[in-house]
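Right, one structure below, let's go through it.
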Amino acid sequence: MLRFILRRLLQTIPVLFVVATVTFFMLRVAPGGPFDEEKRIPEEIVRKLEAHYGLDKPLWQQYLIQMKNLLRGDFGPSFKYPKRTVNELIADAFPVSLELGCYALLVALTLGIVAGVIASLRPNTASDYVPMALAMIGICFPTFVTGPLLSNYFGLQLGWFNPGGWFFPEDRVLPALTLGFYYAAYISRLTRGGMLEVLNQDYIRTARAKGASESRVVVRHALKGGLLPVVSFMGPAAAGLLTGSFVVETIFNIPGLGRFFVMSAFNRDYTMVLGTVLFYATLIVLLNLVVDVILVWLNPKLKFE
Amino acid sequence: MSLLRCRTVQCRLCVLLAVVLCAFPFLTGCGKRHTRVETGIRDQILHAGNGTDPQDLDPHITTGEPEHKILMALFEGLVTEAPDDLRPLPGVAERWDISEDGLVYTFHLRTNALWSNGDPVTAQDFVNSYHRMLLPELGARYREMLYPIRNAEAFSTGRITDFNEVGAKALDPHTLEITLHSPVPYFLSLIMHNSWFPVHLPTILKHGDIAERANRWSLPGNFVGNGPFVLKEWKVNSHVLVEKSPTYWDRDNVKLNAIYFYSTENVDAEERAFRAGMLHLTKDVPQTKIQVYQQNQPHLIRCEPILSVYFYRLNVTSPPLRDKRVRRALALVIDRELLVKHVTRGGQVPAYQLTPPGIPGYEPRARFSEDVALAQRLMAEAGYPNGNNFPGVNILFNTHEGHRAVAEAIQQMWMKHLNIRVTLRNEEWKVYLNTTQSMDYEVARAGWGGDYIDPGTFLDLFITDGGNNETGWSHAEYDRLIQEAARTGDMKKRFELFQKAEDILMDEMPIIPLYFYTRPTLIHPAVRNFYPTLLDLHPWKYVYLEPPSS
Amino acid sequence: MSVAAELPNLTPPDAIEAEPGSSLWLDAWHRLAKNRLALISAILLILLAGACFIGPLVVTNTYYEQNLALGATPPSARHWLGTDKLGRDQFVRILIGGRVSIMVALCATFVSLTIGVTWGAIAGFVGGKLDAVMMRIVDILYSLPFTIFVILLMVLFKDFEARFRWLEDYGIPFNLLLLFGAIGVVEWLTMARIVRGQVMSLRKQEFIEAAHALGLRRRRIIFRHMIPNILGPVIVYTTLTIPAVMLLEAFLSFLGLGVQPPMSSWGLLIKEGAEVMEEYPWLLLFPGGTLGLTLFALNFLGDGLRDALDVRASKD
């Protein structure tokens, strides 16, 4: 298993290299640059700014410099925030998104799996339809609807929480629920689907026939197979959750990383885009590795290969 | 535990689910606490929404309005704005003399003006700041604001390298002489802009090179300013906190103890924060909420005109729009009253000229009025009777709910009255900028706000090959009038030249003015000395919080 | 330790192998026809799609005609589902918006079922180095900045627009093709990962090993034995992809890709409705409700399909 993990970690290197290279060139080909604004800057100032950030050099040279800096773990200065480096901005924003993401993950997994399991045990009855109908509503009304709704109701009508901001511990609740509900809807559907598949399997019937209690059947036998689709889905989903959601962060005014993903692309903040993208890529690869480890753990017949 | 008494798995899971759901409200205390607005009034701490996240707090590098508002708290220029009408009041300069020809300004600096580290503010500080602003290596975007100074442009473009030749001199530590290359009647209004603010050079040099953009002198802890407030916190995507400065010369008249400037990029979130008592002031109001507030709580909302115009650029190099008659026809069939009343709905003023109203001495004159019959006749004369043979026209706008609504309404008006094919295209901001700059459009949405109160800030746009012209339009007489106005010191004669230029612009119609912006703001009744102003600027030193007596 | 390892597989699905090739699908069809809920759902979906494509041609109101003075009004006899801020009839706008949304959904479903399922099945089945390479490619595609990609896509293909102008006569703007392209690049990734996970765990099951022992070709094993056995999660995830991609389309419209006003889509209508839900709730409820209705129908149909195609149930 250790060898498997090591080998996978080594695979991260080519992935990051390809992502960095492709992103670098995509950014330079995309129209608009970091210095374009509504009130045009005179040409010679643009040239000065470009020289300042080394954008006047030939593209291949810029690429090599960028790669060299990346190897040292230095993403460079942000174009949008001239006084700060990309490393600092990510270091400040990631803990926020991570914290929110963890709460949301907790909400999503608890609600999703519980609802999915309940629905799958008695398919096509009320205990199936009610949670699944809720899930469906959750999918149709995504975060940009539930966010303002929760903020309006719990923040303004009931006054239990602040409608936005990230200053007090209770400010975590509404965004975590908003984000969690959306993913819970997905997870519950996937859990139900996976569980139904497994509950039909012969070994479950056999286990039941042997007189195993229902809870033992579910927890010991069925969940292991039934959660497979959820586990596969959670790799990229968790990466998305932990790096923050643009929508939720803007609705609740949270200084997280999710905003940088979208805003840096809109601002053509080259270094910031590269920084966030590589950060995300690392997380994707690592979480998918975790997922693969869990897949093997859930199915002892598989071996690390 | 009831959980244990459940026999079936479903039952247990249901209970678990119910517990999780019910637990959330109780995870936190639900007791009523004082809102930020209430504690703010008690402690004289203003909580203000400030729009887009500020990029920098270095007055030579920033370009945006959100930054400008924060910088007004952190720095003080030679003259400052009056809170109600922005007329120039003494700032660091106690008084000033203007030479007969209007070319030499002598500022007498007050002796008790101090930087936040205790150093006195001297005339040399201003000279040093202008020097830095104009350094070609710094690449300051707003350095053109300083170009009225003699030789400033030559220095900043590298034609001369000796800063002593530039018309800014410290005659003694408290006397500053600025020599202009031609009279600028609005000069005092111009130097209130943050590009003219002094910076503390020793602090800048302590943290790096003078022309280094990443010089960290403007971060909290390093920061030195001369304004009524000093920088305490600056958290990206969250807020900037400034506190009353103990060294400011007029500190006894500064009533606020601190100001929080929150980054509020989402206007709906900002409005919710206001409703929840988290903000005294907002930067903006969601379009659909404007009317709701106006009807139910008119004392909380203001919709005051600002010096900004919303217009459509026409690409006069694209075939159908090359014809002036077509351009006029397009302008004549737009029902602007309907547009501002039912589409934008924020009290905007229909525009029949480019320059917004409100500039003292510059009378706004409507150059045309809606006339569908005339428009149809013009189209027929241009060879498109009832829209026949017309190749169609595309309206480009940057993605924004409001711009789209306006474009959709105008699309309908053009299709209905002129019977022509009109398509719409929205583009992401930077792509849109790229497209308009490369003139790869037919009709494009645009907006323009004045940096200072003068018609020139609008009419200068459309000189031949002007950097912001972007219509391909060129008119020799127009250019001549604008140039002559720039050389004229006499306000009245100057404005008459501008009026003539505007006549030409509105006759040729390379742009279609639509409406003049308003700035909707939600404001708590306790906020005092906060007046609507044309540039939407509010000197913070006068503002204080006091709940209405009733 | 799973019980599965100790138990013999009572009904090896290989048994189907003996029957004529078409019977698997024919059987499934018969079973589906017997499932009332699924059948109603299917009919509902067809009706909805039909209404979207034919409806706007029949109804008197048009999706673009404005009544600025009227503005947003709640449902009335003249406007069944009310009007939007520009006074346009929402009923017709939902119908016309369905066109793009349905096309987008079909495109995403197609991509995710073809590329996603095949990619995941091959990676999971073959394993080893090939699996590593294929899955790292998926990781790379996950990571690339989608916003920039879309902007690039639009710019690079701008010059081709003129050549495809004739498509507009058939109501398909060139932009829509690009939209399909953008969706095609990303909408199969998660499906591939899910399928791979399922296939990997199936691979070690007895009936697959038996098929190997029988000397069946790999392609046959994948398509005849693996895929029918993972249909459950595949169908569920497909039904989840559809609303997600309809909302993604709204984001892409923001970047200028996809429909241009006054044309709309369900995603856009929901997004606009969300912004004014306090003042004009019907602008959110009706498009959201339409999407919800579609989704419910899709789910019941999906469940029906899954049951119908369930190879194990079929032999009971």
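Ligands are numbered from 1 in the order shown, chains are lettered A, B, ... in the order of the structure tokens, and residues start at 1 in each chain.
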**At most 8 Å to chain A: residues in chain C, only C-alpha atoms, as number ranges by chain** = C: 1-4, 7, 9-10, 128, 136-137, 139-140, 142-145, 147-149, 151-152, 155, 190, 193-195, 197-198, 200-201, 204, 232-233, 236-237, 240, 243-244, 271, 274, 288, 291-292, 295-296, 312
**Request:** Compile the contact shell of C:Leu68 as number ranges by chain: residues with an atom at most 6 Å away, counting only C-alpha atoms, same-chain residues fewer than 5 positions apart removed.
**Result:** B: 342; C: 86-87
**Item:** Selection near stretch 298-312 of chain B, 8 Å with only C-alpha atoms, sequence-local residues under 4 positions removed, as number ranges by chain
**Value:** B: 290, 293-294, 346-349, 351, 354-358, 443-450, 453, 511-525, 532-536
**Message:** Please identify all residues of chain A having at least one atom at most 7 Å from any atom of chain B, considering only C-alpha atoms, and return them as a list of chain:residue names.
**Reply:**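 Residues passing the distance filter: A:Pro31, A:Gly32, A:Asp36, A:Glu38, A:Lys39, A:Arg40, A:Ile41, A:Ile45, A:Lys48, A:Leu49, A:Lys80, A:Tyr81, A:Pro82, A:Lys83, A:Leu111, A:Val114, A:Ile118, A:Leu156, A:Trp160, A:Pro163, A:Gly164, A:Glu170, A:Glu214, A:Ser215, A:Thr250, A:Ile251, A:Phe252, A:Pro255.
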Generate the output file for the selected residues, C-alpha atoms, as a short mmCIF file (atom, residue, chain, number, x, y, z; two decimals), in the first residue's frame.
data_model
loop_
_atom_site.label_atom_id
_atom_site.label_comp_id
_atom_site.auth_asym_id
_atom_site.auth_seq_id
_atom_site.Cartn_x
_atom_site.Cartn_y
_atom_site.Cartn_z
CA PRO A 31 -8.05 38.03 -25.02
CA GLY A 32 -7.62 40.83 -22.53
CA ASP A 36 -7.09 46.42 -19.46
CA GLU A 38 -12.50 50.84 -18.97
CA LYS A 39 -10.43 54.02 -18.96
CA ARG A 40 -7.62 53.11 -21.29
CA ILE A 41 -4.09 53.42 -20.08
CA ILE A 45 2.36 52.96 -19.47
CA LYS A 48 6.15 49.95 -18.52
CA LEU A 49 3.79 47.76 -16.52
CA LYS A 80 -4.63 42.56 -8.96
CA TYR A 81 -3.16 43.11 -5.51
CA PRO A 82 0.26 44.61 -6.28
CA LYS A 83 1.34 44.59 -2.65
CA LEU A 111 -27.57 14.17 5.63
CA VAL A 114 -28.63 8.92 6.07
CA ILE A 118 -33.47 5.41 4.48
CA LEU A 156 -33.29 38.62 8.63
CA TRP A 160 -30.66 33.91 14.54
CA PRO A 163 -27.01 37.27 7.00
CA GLY A 164 -23.38 37.34 5.90
CA GLU A 170 -21.99 31.42 14.20
CA GLU A 214 -31.39 -5.55 9.44
CA SER A 215 -29.00 -3.02 10.90
CA THR A 250 -20.07 36.01 -2.56
CA ILE A 251 -23.58 35.51 -1.17
CA PHE A 252 -22.27 35.41 2.39
CA PRO A 255 -13.03 35.96 2.25
#
**Message:** as a VMD selection string, could you give me every residue of chain B near chain C (at most 9 Å apart, counting only C-alpha atoms)?
**Reply:** chain B and resid 268 286 288 to 289 292 338 to 339 341 to 343 398 to 401 404 to 405 407 to 409 411 to 412 423 to 429 431
**Request:** Just the helix (DSSP H, G or I) stuff from stretch 171-213 of chain C, please, per backbone DSSP, written as a PyMOL selection string.
**Result:** chain C and resi 174-186+189-203+206-213
**Request:** Tell me, in Å to one decimal, how far atom CA of B:Leu281 is from atom CA of B:Thr52.
**Result:**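 Pair atom CA of B:Leu281 / atom CA of B:Thr52 returns 14.7 Å.
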Spatial neighbours of C:Leu177, max dist 10 Å, only C-alpha atoms, sep filter under 5 positions, as a short mmCIF file (atom, residue, chain, number, x, y, z; two decimals) with N, CA and C atoms, in the first residue's frame:
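The result, written out as part.cif:
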data_model
loop_
_atom_site.label_atom_id
_atom_site.label_comp_id
_atom_site.auth_asym_id
_atom_site.auth_seq_id
_atom_site.Cartn_x
_atom_site.Cartn_y
_atom_site.Cartn_z
N VAL C 104 -29.10 21.07 -24.39
CA VAL C 104 -27.90 21.00 -23.56
C VAL C 104 -27.91 19.71 -22.74
N PHE C 164 -20.79 29.16 -40.42
CA PHE C 164 -21.90 28.37 -39.91
C PHE C 164 -23.19 29.18 -39.80
N LEU C 167 -26.69 27.71 -40.27
CA LEU C 167 -27.31 26.93 -39.20
C LEU C 167 -28.39 27.75 -38.49
N ILE C 172 -30.35 27.14 -34.88
CA ILE C 172 -29.19 26.72 -34.09
C ILE C 172 -28.08 27.73 -34.29
N ALA C 182 -18.03 22.98 -25.11
CA ALA C 182 -17.55 23.26 -23.76
C ALA C 182 -18.09 22.25 -22.77
N ILE C 183 -19.38 21.91 -22.93
CA ILE C 183 -19.99 20.94 -22.03
C ILE C 183 -19.38 19.56 -22.25
N LEU C 257 -21.23 32.65 -23.86
CA LEU C 257 -21.40 31.42 -24.63
C LEU C 257 -22.83 30.94 -24.43
N GLY C 258 -23.43 30.45 -25.50
CA GLY C 258 -24.79 29.95 -25.35
C GLY C 258 -25.81 30.96 -25.87
#
**Message:** Taking 3 positions as the minimum chain separation for residues in the same chain, which residues sit within 12 Å of stretch 78-82 of chain C when counting only C-alpha atoms? Answer as a PyMOL selection string.
**Reply:** chain C and resi 59-63+67+70-75+85-95+280-287+289-290
**Asked** What gap, in Å, lies between atom CA of B:Asn117 and atom CA of B:Val242?
**Response**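 One can read the atom CA of B:Asn117 to atom CA of B:Val242 distance as 15.2 Å.
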